[in-house]
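K.L.:
protein-v8.txt is reproduced below (compact mmCIF, C-alpha atoms).
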# COMPACT_ATOMS: atom_id res chain seq x y z
CA MET U 1258 0.00 0.00 0.00
CA ARG U 1259 2.89 2.31 0.76
CA SER U 1260 4.05 2.10 -2.85
CA VAL U 1261 0.53 2.97 -4.07
CA ARG U 1262 0.54 6.11 -1.92
CA ARG U 1263 4.00 6.99 -3.15
CA THR U 1264 2.86 6.57 -6.75
CA LEU U 1265 -0.12 8.84 -6.18
CA ARG U 1266 2.06 11.50 -4.57
CA THR U 1267 4.55 11.41 -7.44
CA LEU U 1268 1.71 11.77 -9.89
CA GLN U 1269 0.25 15.00 -8.65
CA GLY U 1270 -0.17 17.81 -11.16
CA ASP U 1271 0.41 17.72 -14.90
CA LEU U 1272 1.35 14.06 -15.21
CA ALA U 1273 -1.91 12.89 -13.61
CA ARG U 1274 -3.95 15.19 -15.83
CA ASP U 1275 -2.11 14.05 -18.98
CA ILE U 1276 -2.62 10.40 -18.12
CA ALA U 1277 -6.32 11.02 -17.35
CA LEU U 1278 -6.84 12.48 -20.82
CA VAL U 1279 -5.29 9.42 -22.46
CA LEU U 1280 -7.46 7.14 -20.29
CA LEU U 1281 -10.58 8.99 -21.45
CA ALA U 1282 -9.60 8.86 -25.14
CA ASP U 1283 -8.67 5.16 -24.99
CA GLY U 1284 -11.84 4.36 -23.01
CA ILE U 1285 -13.91 5.77 -25.87
CA VAL U 1286 -11.89 3.76 -28.39
CA GLY U 1287 -12.63 0.73 -26.18
CA VAL U 1288 -16.36 1.44 -26.47
CA SER U 1289 -16.00 1.46 -30.24
CA PHE U 1290 -14.01 -1.79 -30.19
CA GLY U 1291 -16.76 -3.52 -28.22
CA ALA U 1292 -19.49 -2.11 -30.45
CA ILE U 1293 -17.71 -2.90 -33.73
CA THR U 1294 -17.00 -6.49 -32.70
CA VAL U 1295 -20.55 -7.26 -31.61
CA SER U 1296 -22.14 -5.49 -34.57
CA ALA U 1297 -19.96 -7.66 -36.86
CA GLY U 1298 -21.98 -10.61 -35.56
CA LEU U 1299 -19.30 -11.97 -33.20
CA PRO U 1300 -20.20 -13.20 -29.67
CA VAL U 1301 -20.43 -10.64 -26.84
CA TRP U 1302 -17.75 -12.41 -24.76
CA LEU U 1303 -15.11 -12.11 -27.50
CA PRO U 1304 -14.21 -8.39 -27.20
CA MET U 1305 -14.35 -8.57 -23.38
CA LEU U 1306 -12.13 -11.64 -23.06
CA LEU U 1307 -9.66 -10.32 -25.64
CA SER U 1308 -9.40 -7.00 -23.82
CA VAL U 1309 -8.76 -8.58 -20.41
CA LEU U 1310 -6.39 -11.34 -21.58
CA ALA U 1311 -4.54 -9.79 -24.52
CA PHE U 1312 -4.93 -6.10 -23.58
CA ALA U 1313 -3.34 -4.79 -26.78
CA GLY U 1314 -5.61 -2.51 -28.81
CA ALA U 1315 -4.06 -2.70 -32.27
CA SER U 1316 -3.80 -6.49 -32.25
CA GLN U 1317 -7.38 -6.78 -30.94
CA PHE U 1318 -8.78 -4.70 -33.82
CA LEU U 1319 -6.73 -6.73 -36.31
CA PHE U 1320 -7.76 -10.09 -34.78
CA VAL U 1321 -11.45 -9.20 -34.81
CA GLY U 1322 -11.19 -7.70 -38.30
CA ILE U 1323 -9.77 -10.95 -39.71
CA ILE U 1324 -12.30 -13.17 -37.88
CA ALA U 1325 -15.23 -10.93 -38.86
CA ALA U 1326 -14.16 -11.11 -42.52
CA GLY U 1327 -14.37 -14.91 -42.28
CA GLY U 1328 -10.61 -15.35 -42.00
CA ASN U 1329 -8.77 -18.29 -40.49
CA PRO U 1330 -8.36 -18.07 -36.65
CA VAL U 1331 -4.73 -19.19 -37.00
CA ALA U 1332 -4.08 -16.31 -39.37
CA ALA U 1333 -5.79 -13.93 -36.93
CA VAL U 1334 -3.58 -15.13 -34.06
CA LEU U 1335 -0.38 -14.87 -36.12
CA ALA U 1336 -1.31 -11.38 -37.35
CA GLY U 1337 -2.04 -10.28 -33.78
CA LEU U 1338 1.27 -11.68 -32.50
CA LEU U 1339 3.19 -9.99 -35.30
CA VAL U 1340 1.65 -6.63 -34.35
CA ASN U 1341 2.59 -7.28 -30.72
CA ALA U 1342 6.20 -8.25 -31.49
CA ARG U 1343 7.29 -4.66 -30.75
CA HIS U 1344 6.74 -5.45 -27.06
CA VAL U 1345 10.02 -7.39 -27.05
CA PRO U 1346 12.20 -4.29 -27.53
CA PHE U 1347 9.75 -2.29 -25.38
CA GLY U 1348 10.32 -4.76 -22.55
CA PHE U 1349 14.07 -4.26 -22.69
CA ALA U 1350 13.59 -0.49 -22.53
CA VAL U 1351 11.19 -0.35 -19.57
CA GLY U 1352 12.08 -3.58 -17.76
CA ASP U 1353 13.60 -1.64 -14.87
CA VAL U 1354 10.33 0.09 -13.85
CA LEU U 1355 8.43 -3.13 -13.22
CA GLY U 1356 9.87 -4.01 -9.81
CA ARG U 1357 10.10 -7.55 -8.45
CA GLY U 1358 7.94 -10.54 -7.56
CA TRP U 1359 4.22 -10.56 -8.39
CA ARG U 1360 4.35 -6.90 -9.24
CA ARG U 1361 6.66 -7.58 -12.14
CA TRP U 1362 4.38 -10.28 -13.58
CA ALA U 1363 1.42 -7.88 -13.35
CA GLY U 1364 3.45 -5.01 -14.79
CA ILE U 1365 4.40 -7.12 -17.82
CA HIS U 1366 0.72 -7.40 -18.74
CA LEU U 1367 0.32 -3.60 -18.61
CA MET U 1368 3.05 -3.00 -21.21
CA ILE U 1369 1.49 -1.10 -24.10
CA ASP U 1370 2.48 1.79 -26.36
CA GLU U 1371 1.07 4.46 -24.05
CA THR U 1372 2.61 3.14 -20.82
CA VAL U 1373 6.01 2.74 -22.48
CA ALA U 1374 5.84 6.24 -23.99
CA PHE U 1375 4.76 7.81 -20.67
CA ALA U 1376 7.53 6.01 -18.77
CA LEU U 1377 10.26 6.93 -21.26
CA ALA U 1378 9.17 10.58 -21.20
CA GLN U 1379 10.03 10.90 -17.48
CA ARG U 1380 13.56 11.74 -16.35
CA GLU U 1381 13.68 10.47 -12.77
CA ALA U 1382 13.36 6.77 -11.97
CA GLU U 1383 10.57 7.41 -9.44
CA ARG U 1384 8.45 9.31 -11.95
CA ARG U 1385 9.08 6.69 -14.65
CA ARG U 1386 7.76 4.01 -12.34
CA ALA U 1387 4.77 6.08 -11.22
CA ALA U 1388 3.86 7.03 -14.81
CA TYR U 1389 4.12 3.43 -16.01
CA TRP U 1390 1.91 2.01 -13.27
CA ALA U 1391 -0.69 4.78 -13.18
CA CYS U 1392 -1.08 4.74 -16.94
CA GLY U 1393 -1.06 0.93 -17.07
CA VAL U 1394 -3.59 0.26 -14.31
CA GLY U 1395 -5.76 3.19 -15.41
CA LEU U 1396 -5.78 2.06 -19.03
CA PHE U 1397 -6.54 -1.53 -18.09
CA VAL U 1398 -9.61 -0.39 -16.13
CA CYS U 1399 -10.81 2.23 -18.65
CA TRP U 1400 -10.16 0.11 -21.74
CA ASN U 1401 -12.04 -2.87 -20.31
CA LEU U 1402 -14.93 -0.77 -18.98
CA GLY U 1403 -15.20 0.87 -22.40
CA VAL U 1404 -15.21 -2.47 -24.19
CA VAL U 1405 -17.94 -3.89 -21.90
CA LEU U 1406 -20.04 -0.77 -22.44
CA GLY U 1407 -19.60 -0.93 -26.22
CA ALA U 1408 -20.26 -4.67 -26.41
CA VAL U 1409 -23.44 -4.44 -24.31
CA ALA U 1410 -24.82 -1.09 -25.49
CA GLY U 1411 -23.97 -1.70 -29.15
CA THR U 1412 -23.38 1.14 -31.54
CA VAL U 1413 -23.18 4.13 -29.16
CA VAL U 1414 -19.86 5.30 -30.51
CA SER U 1415 -19.49 3.36 -33.71
CA ASP U 1416 -17.45 6.07 -35.40
CA THR U 1417 -14.53 7.35 -33.34
CA ALA U 1418 -13.19 8.99 -36.52
CA ALA U 1419 -15.95 11.63 -36.25
CA LEU U 1420 -14.44 12.60 -32.88
CA GLY U 1421 -10.93 12.67 -34.35
CA LEU U 1422 -9.77 10.02 -31.90
CA ASP U 1423 -7.77 8.27 -34.62
CA ALA U 1424 -5.60 11.41 -34.70
CA ALA U 1425 -5.38 11.53 -30.90
CA PHE U 1426 -3.44 8.24 -30.59
CA PRO U 1427 -0.46 9.24 -32.80
CA ALA U 1428 -0.56 12.74 -31.26
CA VAL U 1429 -0.28 11.26 -27.74
CA LEU U 1430 2.78 9.19 -28.71
CA LEU U 1431 4.30 12.09 -30.66
CA ALA U 1432 3.97 14.49 -27.71
CA LEU U 1433 5.65 11.92 -25.45
CA VAL U 1434 8.59 11.02 -27.74
CA LEU U 1435 9.23 14.55 -29.03
CA PRO U 1436 11.62 15.51 -26.21
CA SER U 1437 13.81 12.51 -27.20
CA LEU U 1438 13.58 13.45 -30.87
CA ARG U 1439 15.02 16.92 -30.20
CA ASP U 1440 18.36 15.16 -29.80
CA LYS U 1441 19.79 15.46 -33.34
CA THR U 1442 21.07 11.90 -33.76
CA THR U 1443 17.90 10.36 -32.35
CA GLY U 1444 15.76 12.65 -34.50
CA ALA U 1445 17.68 11.79 -37.67
CA ALA U 1446 17.50 8.05 -36.97
CA ALA U 1447 13.77 8.33 -36.20
CA LEU U 1448 13.12 10.11 -39.51
CA VAL U 1449 14.88 7.28 -41.38
CA GLY U 1450 12.96 4.70 -39.31
CA VAL U 1451 9.60 6.35 -40.03
CA ALA U 1452 10.43 6.52 -43.75
CA VAL U 1453 11.35 2.81 -43.84
CA ALA U 1454 8.14 1.89 -41.98
CA LEU U 1455 5.98 3.99 -44.31
CA VAL U 1456 7.55 2.56 -47.47
CA ALA U 1457 7.08 -0.97 -46.12
CA THR U 1458 3.46 -0.47 -44.98
CA PRO U 1459 1.70 -1.15 -48.33
CA VAL U 1460 3.71 -4.33 -49.02
CA LEU U 1461 4.25 -6.01 -45.64
CA PRO U 1462 1.73 -7.37 -43.11
CA ALA U 1463 0.77 -5.08 -40.21
CA GLY U 1464 3.34 -4.93 -37.41
CA LEU U 1465 6.39 -5.71 -39.54
CA PRO U 1466 6.85 -2.19 -41.00
CA VAL U 1467 7.10 -0.67 -37.50
CA LEU U 1468 9.73 -3.26 -36.52
CA LEU U 1469 11.74 -2.40 -39.64
CA ALA U 1470 12.26 1.08 -38.15
CA LEU U 1471 14.86 -0.61 -35.93
CA LEU U 1472 17.09 -0.79 -39.03
CA ALA U 1473 17.77 2.89 -38.31
CA LEU U 1474 19.32 2.02 -34.93
CA PRO U 1475 22.91 1.71 -36.27
CA ILE U 1476 22.52 5.08 -37.99
CA ALA U 1477 22.02 6.75 -34.62
CA PHE U 1478 25.16 5.14 -33.26
CA VAL U 1479 27.28 6.03 -36.30
CA LEU U 1480 26.03 9.62 -36.13
CA ARG U 1481 26.59 9.76 -32.40
CA GLY U 1482 30.17 8.51 -32.75
CA ARG U 1483 30.81 11.26 -35.26
CA LEU U 1484 29.09 14.00 -33.26
CA ASP U 1485 30.34 12.93 -29.85
CA GLU U 1486 33.70 14.64 -29.84
CA PRO U 1487 32.68 18.10 -30.99
CA ALA U 1488 29.82 17.96 -28.47
CA HIS U 1489 32.30 17.26 -25.66
CA VAL U 1490 34.55 20.06 -26.76
CA ARG U 1491 31.61 22.45 -26.89
CA GLU U 1492 30.47 21.45 -23.42
CA GLU U 1493 33.90 21.90 -21.93
CA ALA U 1494 34.37 25.23 -23.68
CA SER U 1495 31.11 26.57 -22.32
CA CYS U 1496 31.70 25.32 -18.80
CA PRO U 1497 33.71 28.25 -17.39
CA SER U 1498 31.08 30.76 -18.46
CA ARG U 1499 28.37 28.91 -16.50
CA MET W 759 -15.21 -28.58 -32.38
CA SER W 760 -17.71 -25.80 -32.42
CA GLU W 761 -16.80 -22.42 -33.83
CA GLN W 762 -16.98 -20.78 -30.39
CA VAL W 763 -14.44 -23.20 -28.91
CA ILE W 764 -12.01 -22.55 -31.75
CA LEU W 765 -12.48 -18.80 -31.27
CA LEU W 766 -11.89 -19.15 -27.52
CA ALA W 767 -8.71 -21.15 -28.14
CA ALA W 768 -7.51 -18.48 -30.60
CA VAL W 769 -8.04 -15.74 -27.99
CA VAL W 770 -6.13 -17.71 -25.36
CA VAL W 771 -3.20 -18.39 -27.72
CA LEU W 772 -3.02 -14.74 -28.78
CA ALA W 773 -3.10 -13.63 -25.12
CA ALA W 774 -0.46 -16.15 -24.00
CA GLY W 775 1.80 -15.30 -26.93
CA THR W 776 1.42 -11.57 -26.29
CA TYR W 777 2.29 -12.04 -22.61
CA ALA W 778 5.38 -14.05 -23.60
CA LEU W 779 6.51 -11.29 -25.99
CA ARG W 780 6.05 -8.71 -23.23
CA ALA W 781 7.91 -10.84 -20.70
CA CYS W 782 11.02 -11.36 -22.91
CA GLY W 783 12.62 -8.01 -22.07
CA PRO W 784 12.05 -7.87 -18.30
CA VAL W 785 13.02 -11.54 -17.78
CA LEU W 786 16.13 -11.58 -20.01
CA ARG W 787 17.33 -8.20 -18.75
CA GLU W 788 17.64 -9.58 -15.27
CA ARG W 789 19.83 -12.53 -16.33
CA VAL W 790 22.48 -10.51 -18.11
CA ARG W 791 24.18 -7.44 -16.75
CA LEU W 792 23.98 -4.96 -19.61
CA PRO W 793 26.63 -2.39 -20.43
CA GLN W 794 25.60 1.27 -20.45
CA ARG W 795 25.76 1.35 -24.25
CA ALA W 796 23.25 -1.51 -24.56
CA GLU W 797 20.88 0.24 -22.15
CA GLU W 798 21.06 3.34 -24.34
CA ALA W 799 20.44 1.25 -27.46
CA MET W 800 17.30 -0.23 -25.92
CA THR W 801 15.82 3.12 -25.00
CA LEU W 802 16.68 4.36 -28.47
CA ALA W 803 15.03 1.28 -30.01
CA ALA W 804 11.82 2.01 -28.10
CA VAL W 805 11.89 5.64 -29.26
CA LEU W 806 12.39 4.55 -32.88
CA LEU W 807 9.47 2.11 -32.62
CA LEU W 808 7.20 4.74 -31.07
CA ALA W 809 8.18 7.24 -33.78
CA ALA W 810 7.43 4.65 -36.48
CA LEU W 811 4.08 3.98 -34.81
CA VAL W 812 3.32 7.71 -34.92
CA GLY W 813 4.18 7.83 -38.63
CA THR W 814 2.25 4.74 -39.68
CA ALA W 815 -0.76 5.43 -37.42
CA ALA W 816 -0.95 9.04 -38.64
CA LEU W 817 -0.70 8.34 -42.37
CA THR W 818 -1.90 4.81 -43.06
CA GLU W 819 -4.97 2.68 -42.54
CA ALA W 820 -5.08 -1.01 -43.49
CA GLY W 821 -1.95 -0.65 -45.66
CA GLY W 822 -3.25 2.40 -47.60
CA PHE W 823 -3.45 6.16 -47.17
CA ALA W 824 -5.57 7.18 -44.17
CA GLY W 825 -6.98 10.35 -45.80
CA TRP W 826 -6.01 13.96 -45.07
CA ALA W 827 -7.93 14.73 -41.87
CA ARG W 828 -5.95 12.42 -39.59
CA PRO W 829 -2.38 13.42 -40.63
CA ALA W 830 -3.47 17.09 -40.61
CA GLY W 831 -4.66 16.67 -37.01
CA VAL W 832 -1.45 14.91 -35.99
CA LEU W 833 0.61 17.62 -37.73
CA VAL W 834 -1.20 20.38 -35.79
CA GLY W 835 -0.58 18.42 -32.57
CA GLY W 836 3.07 17.90 -33.53
CA VAL W 837 3.68 21.60 -34.20
CA LEU W 838 2.08 22.51 -30.86
CA ALA W 839 4.19 19.87 -29.08
CA TRP W 840 7.34 21.18 -30.78
CA ARG W 841 6.47 24.67 -29.46
CA LYS W 842 6.10 23.07 -26.02
CA ALA W 843 2.34 23.46 -25.69
CA PRO W 844 0.80 21.47 -22.79
CA PHE W 845 0.09 17.79 -23.53
CA VAL W 846 -3.68 18.27 -23.15
CA VAL W 847 -3.66 21.08 -25.73
CA VAL W 848 -1.64 18.94 -28.17
CA VAL W 849 -3.99 15.96 -27.98
CA LEU W 850 -7.25 17.93 -28.05
CA ALA W 851 -6.01 20.08 -30.96
CA ALA W 852 -5.05 16.96 -32.95
CA ALA W 853 -8.43 15.30 -32.38
CA GLY W 854 -10.34 18.58 -32.86
CA THR W 855 -8.58 19.38 -36.15
CA ALA W 856 -9.30 15.93 -37.58
CA ALA W 857 -12.93 16.06 -36.39
CA LEU W 858 -13.54 19.56 -37.83
CA LEU W 859 -11.91 18.66 -41.16
CA ARG W 860 -14.18 15.62 -41.42
CA LEU W 861 -17.20 17.76 -40.54
CA ALA W 862 -16.16 19.97 -43.47
CA GLY W 863 -16.12 16.94 -45.75
CA VAL W 864 -12.38 16.16 -45.82
CA PRO W 865 -11.91 12.36 -45.71
Have the structure of the file written as structure tokens, please.
P.N.:
Amino acid sequence: MRSVRRTLRTLQGDLARDIALVLLADGIVGVSFGAITVSAGLPVWLPMLLSVLAFAGASQFLFVGIIAAGGNPVAAVLAGLLVNARHVPFGFAVGDVLGRGWRRWAGIHLMIDETVAFALAQREAERRRAAYWACGVGLFVCWNLGVVLGAVAGTVVSDTAALGLDAAFPAVLLALVLPSLRDKTTGAAALVGVAVALVATPVLPAGLPVLLALLALPIAFVLRGRLDEPAHVREEASCPSR
Amino acid sequence: MSEQVILLAAVVVLAAGTYALRACGPVLRERVRLPQRAEEAMTLAAVLLLAALVGTAALTEAGGFAGWARPAGVLVGGVLAWRKAPFVVVVLAAAGTAALLRLAGVP
């Protein structure tokens, strides 16, 4: 309980408000996921069980889309797993915020784009941990409540595009990674990665293009090696004036 | 087997597989002591993936172009974020721009 109180204290102010907005937006998307699935003629339990057990929005939409179109369940599973493959590198990046024991096994389940982005956007270890857990637990509750509401109530919010929520998701991630992208080498590598992913999108199955962005990783290191020395010199030169 | 049982099995396999993918990083990280450079590379990898997600989610839908309203909304949000506008303003402006453009008939 002490760690819960500590998390809440760390969260006061802007971070809590920012997370709350994402919870609201994703909750509404959850409503649409529930409604879309049931209105496609699939059983009511399907969106609810998927959301609790898989808890990965993009793969859920893809899975249901393939099943609803009469596709093979094996193909739906493989497509969903491919989309979720990015969680492997995510796990290496945020593994340190999960803690130990049962908490770590619960934290693993809460690993999604938003929690990773919120955690990486924080500088101090304590705030990283607090952001990860608050966003993760909050999203798990809101996403699942939304899905139940949508599945039971039907087509309340069948069109999240009318609300512009499809633009909100990339904007959330962009706002959270932008501070990292201001670093020139990271920014340059990210631009190359985005370009590779976009070129690959029409020809490769969903999930793979995003992973191909990792091809830009060596670029960042080559650039960094080249930029490192002048940066050091600059820093040292400006030190006395500080 | 009935269709519902097959569907249930598919959900369980997807969920178990997804959990395994998520667990890879945290479990393997603990076994090997990573040098500072590798830690940096992993954070960088996550940033690159998130950036690629932004790009593909903003511009594409089911392998094709998503239409103009969505990327326009994300662009407005991106410019505001670059100028250090509050997070809430960035997200609401992105959604609002896309919604208004669609109201005006832009796909």
K.L.:
Please identify all polymer residues within 8 Å of Tyr1389 (chain U), counting only C-alpha atoms, omitting same-chain residues fewer than 4 positions from it, and present them as a VMD selection string.
P.N.:
chain U and resid 1354 1372 to 1373 1375 to 1376 1385 1393
K.L.:
In Å to one decimal, how far is CA of Glu1383 (chain U) from CA of Ala1446 (chain U)?
P.N.:
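Separation between CA of Ala1446 (chain U) and CA of Glu1383 (chain U): 28.4 Å.
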K.L.:
Need the shell around Ala1326 (chain U): protein/DNA/RNA residues with any atom at most 12 Å away, counting only C-alpha atoms. Skip same-chain ones fewer than 6 positions apart. Format as a ChimeraX atom specification?
P.N.:
/U:1294,1297-1299,1319-1320,1332-1333
K.L.:
Mind dumping the selected residues with C-alpha atoms as a compact mmCIF listing (two decimals), in the frame of the given file?
P.N.:
# COMPACT_ATOMS: atom_id res chain seq x y z
CA THR U 1294 -17.00 -6.49 -32.70
CA ALA U 1297 -19.96 -7.66 -36.86
CA GLY U 1298 -21.98 -10.61 -35.56
CA LEU U 1299 -19.30 -11.97 -33.20
CA LEU U 1319 -6.73 -6.73 -36.31
CA PHE U 1320 -7.76 -10.09 -34.78
CA ALA U 1332 -4.08 -16.31 -39.37
CA ALA U 1333 -5.79 -13.93 -36.93
K.L.:
So which residues fall inside 10 Å of (-6.1, 7.6, -41.4) if we count all atoms listed in the file? Mind giving them as a list of chain:residue names?
P.N.:
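Nearby residues: U:Ala1418, U:Gly1421, U:Asp1423, U:Ala1424, W:Thr814, W:Ala815, W:Ala816, W:Leu817, W:Thr818, W:Glu819, W:Ala820, W:Gly822, W:Phe823, W:Ala824, W:Gly825, W:Trp826, W:Ala827, W:Arg828, W:Pro829, W:Ala830, W:Ala856, W:Pro865.
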K.L.:
Could you write out that same residue set with C-alpha atoms as a PDB file, in the coordinates of the input?
P.N.:
ATOM      1  CA  ALA U1418     -13.190   8.990 -36.520  1.00  0.00           C
ATOM      2  CA  GLY U1421     -10.930  12.670 -34.350  1.00  0.00           C
ATOM      3  CA  ASP U1423      -7.770   8.270 -34.620  1.00  0.00           C
ATOM      4  CA  ALA U1424      -5.600  11.410 -34.700  1.00  0.00           C
TER       5      ALA U1424
ATOM      6  CA  THR W 814       2.250   4.740 -39.680  1.00  0.00           C
ATOM      7  CA  ALA W 815      -0.760   5.430 -37.420  1.00  0.00           C
ATOM      8  CA  ALA W 816      -0.950   9.040 -38.640  1.00  0.00           C
ATOM      9  CA  LEU W 817      -0.700   8.340 -42.370  1.00  0.00           C
ATOM     10  CA  THR W 818      -1.900   4.810 -43.060  1.00  0.00           C
ATOM     11  CA  GLU W 819      -4.970   2.680 -42.540  1.00  0.00           C
ATOM     12  CA  ALA W 820      -5.080  -1.010 -43.490  1.00  0.00           C
ATOM     13  CA  GLY W 822      -3.250   2.400 -47.600  1.00  0.00           C
ATOM     14  CA  PHE W 823      -3.450   6.160 -47.170  1.00  0.00           C
ATOM     15  CA  ALA W 824      -5.570   7.180 -44.170  1.00  0.00           C
ATOM     16  CA  GLY W 825      -6.980  10.350 -45.800  1.00  0.00           C
ATOM     17  CA  TRP W 826      -6.010  13.960 -45.070  1.00  0.00           C
ATOM     18  CA  ALA W 827      -7.930  14.730 -41.870  1.00  0.00           C
ATOM     19  CA  ARG W 828      -5.950  12.420 -39.590  1.00  0.00           C
ATOM     20  CA  PRO W 829      -2.380  13.420 -40.630  1.00  0.00           C
ATOM     21  CA  ALA W 830      -3.470  17.090 -40.610  1.00  0.00           C
ATOM     22  CA  ALA W 856      -9.300  15.930 -37.580  1.00  0.00           C
ATOM     23  CA  PRO W 865     -11.910  12.360 -45.710  1.00  0.00           C
TER      24      PRO W 865
END
K.L.:
Please write as number ranges by chain the list of polymer residues whose atoms come within 12 Å of (10.8, -13.5, -17.5), counting only C-alpha atoms and keeping to the coordinates of the file.
P.N.:
U: 1345, 1348-1349, 1352, 1355, 1357-1359, 1361-1366; W: 777-789
K.L.:
Nearest to chain W: which of U:Ile1285, U:Ala1445, U:Val1453, U:Leu1310 is it, counting only C-alpha atoms?
P.N.:
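Going through U:Ile1285, U:Ala1445, U:Val1453, U:Leu1310 one by one, the smallest distance to chain W is for U:Leu1310.
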K.L.:
Nearest to Val1321 (chain U): which of W:Val847, W:Leu859, W:Met800, W:Ala768 is it, counting all atoms listed in the file?
P.N.:
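Of all the options, W:Ala768 lies closest to Val1321 (chain U).
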K.L.:
Mind giving me the straight-line distance from CA of Phe1478 (chain U) to CA of Ala1388 (chain U) in Å, one decimal?
P.N.:
28.2 Å
K.L.:
Determine the nearest neighbour of chain W from the options U:Leu1339, U:Cys1399, U:Val1334, U:Ala1408, counting all atoms listed in the file.
P.N.:
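Checking each candidate against chain W, we get U:Val1334 as the closest.
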K.L.:
I'd like the contact shell of Leu1307 (chain U) - 7 Å cut-off, all atoms listed in the file, skipping same-chain residues fewer than 5 positions apart - returned as a ChimeraX atom specification.
P.N.:
/U:1312,1317 /W:769
K.L.:
Write the residues you've just listed into a file as a JSON list (two decimals), in the coordinates of the input, and include C-alpha atoms for each of them.
P.N.:
[["chain", "number", "residue", "atom", "x", "y", "z"],
["U", 1312, "PHE", "CA", -4.93, -6.10, -23.58],
["U", 1317, "GLN", "CA", -7.38, -6.78, -30.94],
["W", 769, "VAL", "CA", -8.04, -15.74, -27.99]]
K.L.:
Grab the CA of Asp1271 (chain U) to CA of Met1368 (chain U) distance for me, in Å with one decimal place.
P.N.:
21.8 Å
K.L.:
Val1405 (chain U): which residues within 10 Å, counting all atoms listed in the file, same-chain residues fewer than 5 positions away excluded, as a PyMOL selection string?
P.N.:
chain U and resi 1287-1288+1290-1292+1301-1302+1304-1306+1308+1399-1400+1410-1411
K.L.:
So, counting all atoms listed in the file, which residue among U:Ala1336, U:Val1394, U:Ile1324, U:Ala1311 is closest to chain W?
P.N.:
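Of all the options, U:Ala1311 lies closest to chain W.
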K.L.:
What lies within 10 Å of region 837-844 of chain W using all atoms listed in the file, ignoring chain neighbours under 6 positions off, as a list in words?
P.N.:
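So the residues in contact are Asp1271, Asp1275, Ala1428, Val1429, Leu1431, Ala1432, Leu1433, Val1434, Leu1435, Pro1436, Leu1438 and Arg1439 of chain U; Ala851 and Ala852 of chain W.
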K.L.:
Under the rule that all atoms listed in the file are counted, which of W:Gln794, W:Thr801, W:Val864, W:Val834 is the nearest residue to chain U?
P.N.:
W:Thr801
K.L.:
With only C-alpha atoms as the atoms that count, which of U:Pro1300, U:Gly1464, U:Pro1475, U:Pro1427 lies nearest to chain W?
P.N.:
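Closest to chain W, using only C-alpha atoms: U:Pro1427.
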